[in-house]
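Enquirer: Following this message is one structure expressed as structure tokens.
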Amino acid sequence: MTATTHPAAEAIRRAKDKQPTFGFWSVLDAPASNERIARLGYDYVCLDAQHGLMGYAGILQNLMAIDAGHGAAGVVRVGANDSAAIGRALDSGARGIIVPLVNNAEEARAAVAATRYPRAAGTGQRSYGPMRSGLRIGPTPAEADDAVLVLVMVETAEALANLDAICAVEDLDGIYVGPYDLSLALGGRYPLDPDILDSLEDGLKRALAAAEAAGKIAGIHTLDAATARRRAQQGFTFVTVATDLVELENAAASQLAEAKA
């Protein structure tokens with residue numbers, strides 16, 4: 001099996017081709033759990049370095065565990081639009097990067113530059129030191145640039161206003177909508193406040209239309225299969241289905257309720 005035919009590489013290629021791609025979100029520093037999840041058929045497992053309960057060592061160990069599952073691609077939602085954090089996640093073996101709180105095209109270009117190596121005619125800012133990634137992603141800088149997926153999050157009112165410009169950024173693979181922060185930005189008292197759901201749905205339609213018009217990936221975060229299916233039917237192609245901590249709590253509550261019944 002070559003680097004380009006590995007199931008994880010193929011999953012990233014399908015995502016770039018805007019084929020339906022479904023993933024699992026991990027906030028727990030639990031390599032054994034993520035290794036098992038990576039074997040279930042998900043296209044990607046995303047490690048949350050922004051709100052998740054893991055540091056750099058956790059990101060590294062969990063990416064190794066996902067790779068050991070020989071199926072899903074390891075993706076990292078970095079903590080911020082920071083070139084050092086993005087480069088370190090990539091060097092650790094992440095096949096995809098999701099960058100939070102991107103508000104405009106300038107910030108989107110900075111995110112893309114952090115995932116690309118310098119070239120004579122390019123604007124890449126990634127420093128060369130592909131510790132783990134060099135074993136499977138690339139190995140040349142140009143091949144690595146082509147293989148890595150980069151999405152920026154749309155989760156603010158400013159990002160909604162700048163959707164067309166963001167989606168026009170060269171080498172950006174697409175956008176990833178964070179509906180919970182976006183619902184707060186639209187005036188919700190809490191995530192998914194029913195009072196602003198119409199505005200939220202309008203925002204999602206605008207994000208989907210902008211991505212489609214620019215030929216970019218339209219991604220979105222959900223917490224359950226029914227919502228994930230509905231968003232995929234709307235046209236979102238990169239869809240997170242569930243989160244480990246939420247699933248663990250729901251399963252534990254369900255088992256306890258059945259036992260007590």
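Just so we're on the same page: first chain in the structure tokens is A, next is B, and so on; residues restart at 1 for each chain, and ligands are numbered from 1 in the order they show up.
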Which residues of range 139-191 of chain A have any atom within 9 Å of an atom in range 105-125 of chain A when counting only C-alpha atoms, and what is the closest pair of atoms for each, with the distance in Å to one decimal? Order the rows by chain and rising number and write it as CSV.
Expert:
residue,atom,partner,partner_atom,distance
A:Pro141,CA,A:Tyr117,CA,6.1
A:Ala142,CA,A:Tyr117,CA,7.6
A:Ala144,CA,A:Arg116,CA,8.1
A:Asp145,CA,A:Arg116,CA,5.4
A:Asp146,CA,A:Arg116,CA,8.8
A:Val148,CA,A:Thr115,CA,7.5
A:Leu149,CA,A:Thr115,CA,8.6
A:Val150,CA,A:Val112,CA,6.7
A:Leu151,CA,A:Val112,CA,8.5
A:Val152,CA,A:Ala108,CA,6.6
A:Ala159,CA,A:Ala105,CA,8.9
A:Asn162,CA,A:Ala105,CA,7.3
A:Leu163,CA,A:Ala105,CA,8.4
A:Asp164,CA,A:Ala105,CA,8.8
A:Ala165,CA,A:Ala105,CA,5.5
A:Ile166,CA,A:Ala105,CA,4.4
A:Cys167,CA,A:Ala105,CA,7.8
A:Ala168,CA,A:Ala105,CA,7.9
A:Val169,CA,A:Arg109,CA,6.3
A:Glu170,CA,A:Arg109,CA,7.7
A:Asp171,CA,A:Val112,CA,6.8
A:Leu172,CA,A:Val112,CA,6.1
A:Asp173,CA,A:Val112,CA,8.9
Enquirer: Please, what distance in Å, to one decimal, runs between CA of Leu63 in chain A and CA of Pro31 in chain A?
Expert: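 Atom-to-atom, CA of Leu63 in chain A and CA of Pro31 in chain A are spaced 8.0 Å apart.
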Enquirer: Got a sec to tell me which of range 19-191 of chain A DSSP assigns to strand (DSSP E or B), as number ranges by chain?
Expert: A: 21-26, 44-48, 73-77, 96-99, 149-154, 174-177
Enquirer: Quick one: pull the distance between CA of Tyr180 in chain A and CA of Ala252 in chain A, Å, one decimal.
Expert: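 CA of Tyr180 in chain A sits 24.2 Å away from CA of Ala252 in chain A.
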Enquirer: In terms of the shortest atom-to-atom distance over only C-alpha atoms, which of A:Leu40, A:Val177, A:Leu223, A:Leu204 is closest to Asp244 in chain A?
Expert: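 Residue with the minimum atom-to-atom distance to Asp244 in chain A: A:Leu223.
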Enquirer: May I have the residues within 7 Å of Tyr42 in chain A as a list of chain:residue names, using only C-alpha atoms and disregarding those fewer than 4 positions away in the same chain?
Expert: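 Final neighbour list, sorted by chain and number: A:Phe22, A:Gly23, A:Phe24, A:Ala38, A:Ala72.
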Enquirer: Grab the residues selected above and save them as a PDB file, in the first residue's frame with C-alpha atoms.
Expert:
ATOM      1  CA  PHE A  22     -18.561  11.757   7.288  1.00  0.00           C
ATOM      2  CA  GLY A  23     -16.470  12.133  10.412  1.00  0.00           C
ATOM      3  CA  PHE A  24     -16.272  11.740  14.162  1.00  0.00           C
ATOM      4  CA  ALA A  38     -11.011   4.926  13.177  1.00  0.00           C
ATOM      5  CA  ALA A  72     -10.074   7.171   8.928  1.00  0.00           C
TER       6      ALA A  72
END
Enquirer: Which residues are near Ala232 in chain A? Cut-off 10 Å, only C-alpha atoms, ignore same chain within fewer than 4 positions. Put them as an MDAnalysis selection string.
Expert: chainID A and resid 20:22 218:220 226:228 236:239
Enquirer: Need to verify the contact set: Val27 in chain A, 7 Å, only C-alpha atoms, exclusion of same-chain residues closer than 3 positions in sequence. Can you return it as a ChimeraX atom specification?
Expert: /A:47-48,52-53,244-245
Enquirer: Measuring atom to atom with only C-alpha atoms, identify which of A:His70, A:Arg95, A:Arg77, A:Arg88 is nearest to Ile12 in chain A.
Expert: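 Result for the nearest residue to Ile12 in chain A: A:Arg95.
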Enquirer: When DSSP works through the backbone of this structure, what residues of range 57-214 of chain A end up as helix (DSSP H, G or I), shown as number ranges by chain?
Expert: A: 57-68, 83-91, 105-114, 133-135, 141-147, 157-161, 163-167, 179-185, 194-214
Enquirer: Nearest to Asp181 in chain A among A:Tyr56, A:Val246, A:Ala161, A:Leu101, with distances taken over only C-alpha atoms: which residue is it?
Expert: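 For Asp181 in chain A, the nearest of the given residues is A:Leu101.
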Enquirer: What does the distance between CA of Gln50 in chain A and CA of Pro100 in chain A come to in Å, to one decimal place?
Expert: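 Calculated distance between CA of Gln50 in chain A and CA of Pro100 in chain A is 8.1 Å.
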Enquirer: Need to verify the contact set: Gly74 in chain A, 9 Å, only C-alpha atoms, exclusion of same-chain residues closer than 4 positions in sequence. Can you return it as an MDAnalysis selection string?
Expert: chainID A and resid 8 38 44:47 62:64 66:67 93:96
Enquirer: Okay, now the selection with all heavy atoms, as a tab-separated table (two decimals), in the first residue's frame?
Expert:
chain	number	residue	atom	x	y	z
A	8	ALA	N	-6.82	6.43	4.38
A	8	ALA	CA	-6.92	7.79	4.91
A	8	ALA	C	-6.64	8.82	3.82
A	8	ALA	O	-7.30	9.86	3.74
A	8	ALA	CB	-5.95	7.97	6.07
A	38	ALA	N	-11.59	4.79	14.51
A	38	ALA	CA	-11.01	4.93	13.18
A	38	ALA	C	-11.23	3.69	12.32
A	38	ALA	O	-11.08	3.75	11.10
A	38	ALA	CB	-9.51	5.21	13.28
A	44	TYR	N	-13.09	10.44	8.53
A	44	TYR	CA	-12.09	11.15	9.31
A	44	TYR	C	-12.47	11.13	10.79
A	44	TYR	O	-13.64	10.96	11.15
A	44	TYR	CB	-11.94	12.60	8.83
A	44	TYR	CG	-13.16	13.48	9.01
A	44	TYR	CD1	-13.36	14.23	10.17
A	44	TYR	CD2	-14.14	13.57	8.02
A	44	TYR	CE1	-14.47	15.03	10.33
A	44	TYR	CE2	-15.25	14.37	8.16
A	44	TYR	CZ	-15.42	15.09	9.34
A	44	TYR	OH	-16.53	15.88	9.49
A	45	VAL	N	-11.44	11.27	11.62
A	45	VAL	CA	-11.62	11.54	13.04
A	45	VAL	C	-10.90	12.85	13.30
A	45	VAL	O	-9.70	12.97	13.03
A	45	VAL	CB	-11.03	10.42	13.93
A	45	VAL	CG1	-11.15	10.81	15.40
A	45	VAL	CG2	-11.74	9.10	13.67
A	46	CYS	N	-11.64	13.85	13.80
A	46	CYS	CA	-11.06	15.16	14.06
A	46	CYS	C	-10.76	15.33	15.54
A	46	CYS	O	-11.64	15.19	16.38
A	46	CYS	CB	-11.99	16.28	13.59
A	46	CYS	SG	-11.25	17.93	13.77
A	47	LEU	N	-9.51	15.64	15.83
A	47	LEU	CA	-9.08	15.92	17.20
A	47	LEU	C	-9.23	17.41	17.46
A	47	LEU	O	-8.75	18.24	16.68
A	47	LEU	CB	-7.62	15.51	17.39
A	47	LEU	CG	-7.28	14.06	17.03
A	47	LEU	CD1	-5.78	13.83	17.17
A	47	LEU	CD2	-8.06	13.09	17.91
A	62	ASN	N	-2.88	10.55	19.72
A	62	ASN	CA	-4.17	10.21	19.12
A	62	ASN	C	-4.08	10.11	17.60
A	62	ASN	O	-4.76	9.28	16.99
A	62	ASN	CB	-5.23	11.21	19.56
A	62	ASN	CG	-5.75	10.92	20.95
A	62	ASN	OD1	-6.58	10.05	21.15
A	62	ASN	ND2	-5.23	11.65	21.93
A	63	LEU	N	-3.23	10.93	16.97
A	63	LEU	CA	-3.01	10.79	15.53
A	63	LEU	C	-2.36	9.44	15.22
A	63	LEU	O	-2.73	8.77	14.24
A	63	LEU	CB	-2.14	11.92	15.00
A	63	LEU	CG	-2.82	13.28	14.81
A	63	LEU	CD1	-1.79	14.36	14.48
A	63	LEU	CD2	-3.89	13.22	13.73
A	64	MET	N	-1.42	9.01	16.06
A	64	MET	CA	-0.81	7.70	15.87
A	64	MET	C	-1.84	6.60	16.03
A	64	MET	O	-1.84	5.61	15.29
A	64	MET	CB	0.34	7.53	16.86
A	64	MET	CG	1.51	8.47	16.61
A	64	MET	SD	2.80	8.39	17.89
A	64	MET	CE	3.50	6.79	17.55
A	66	ILE	N	-5.12	6.87	15.49
A	66	ILE	CA	-6.01	6.90	14.33
A	66	ILE	C	-5.34	6.21	13.15
A	66	ILE	O	-5.97	5.42	12.43
A	66	ILE	CB	-6.40	8.35	14.00
A	66	ILE	CG1	-7.27	8.94	15.11
A	66	ILE	CG2	-7.14	8.43	12.66
A	66	ILE	CD1	-7.43	10.44	15.04
A	67	ASP	N	-4.06	6.48	12.93
A	67	ASP	CA	-3.34	5.81	11.86
A	67	ASP	C	-3.31	4.30	12.06
A	67	ASP	O	-3.40	3.53	11.10
A	67	ASP	CB	-1.90	6.34	11.78
A	67	ASP	CG	-1.80	7.68	11.09
A	67	ASP	OD1	-2.77	8.08	10.42
A	67	ASP	OD2	-0.76	8.35	11.23
A	93	GLY	N	1.43	14.54	11.84
A	93	GLY	CA	0.77	13.56	10.99
A	93	GLY	C	-0.66	13.86	10.63
A	93	GLY	O	-1.33	13.02	10.02
A	94	ALA	N	-1.16	15.05	10.96
A	94	ALA	CA	-2.53	15.40	10.57
A	94	ALA	C	-2.63	15.48	9.05
A	94	ALA	O	-1.78	16.08	8.39
A	94	ALA	CB	-2.94	16.73	11.18
A	95	ARG	N	-3.68	14.87	8.51
A	95	ARG	CA	-3.92	14.94	7.07
A	95	ARG	C	-4.83	16.12	6.71
A	95	ARG	O	-4.96	16.45	5.53
A	95	ARG	CB	-4.54	13.64	6.58
A	95	ARG	CG	-3.61	12.44	6.69
A	95	ARG	CD	-4.28	11.17	6.21
A	95	ARG	NE	-3.40	10.02	6.34
A	95	ARG	CZ	-2.55	9.60	5.42
A	95	ARG	NH1	-2.47	10.25	4.26
A	95	ARG	NH2	-1.80	8.54	5.61
A	96	GLY	N	-5.44	16.71	7.71
A	96	GLY	CA	-6.31	17.85	7.47
A	96	GLY	C	-6.27	18.80	8.64
A	96	GLY	O	-6.02	18.38	9.78
Enquirer: Pick out the residues sitting within 12 Å of range 192-201 of chain A, and hand them over as a count of residues only; count only C-alpha atoms, and ignore anything fewer than 4 positions along from it in its own chain.
Expert: 25
Enquirer: Out of A:Arg132, A:His51, A:Arg36, A:Lys216, which residue has the shortest atom-to-atom distance to Asp17 in chain A when counting only C-alpha atoms?
Expert: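 Using only C-alpha atoms, the shortest distance to Asp17 in chain A belongs to A:Lys216.
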Enquirer: Could you check the closest approach to Gly55 in chain A for each of A:Ile217, A:Ala80, A:Leu28, A:Ala73 and tell me which residue wins, using only C-alpha atoms?
Expert: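 Between A:Ile217, A:Ala80, A:Leu28, A:Ala73, the residue approaching Gly55 in chain A most closely is A:Leu28.
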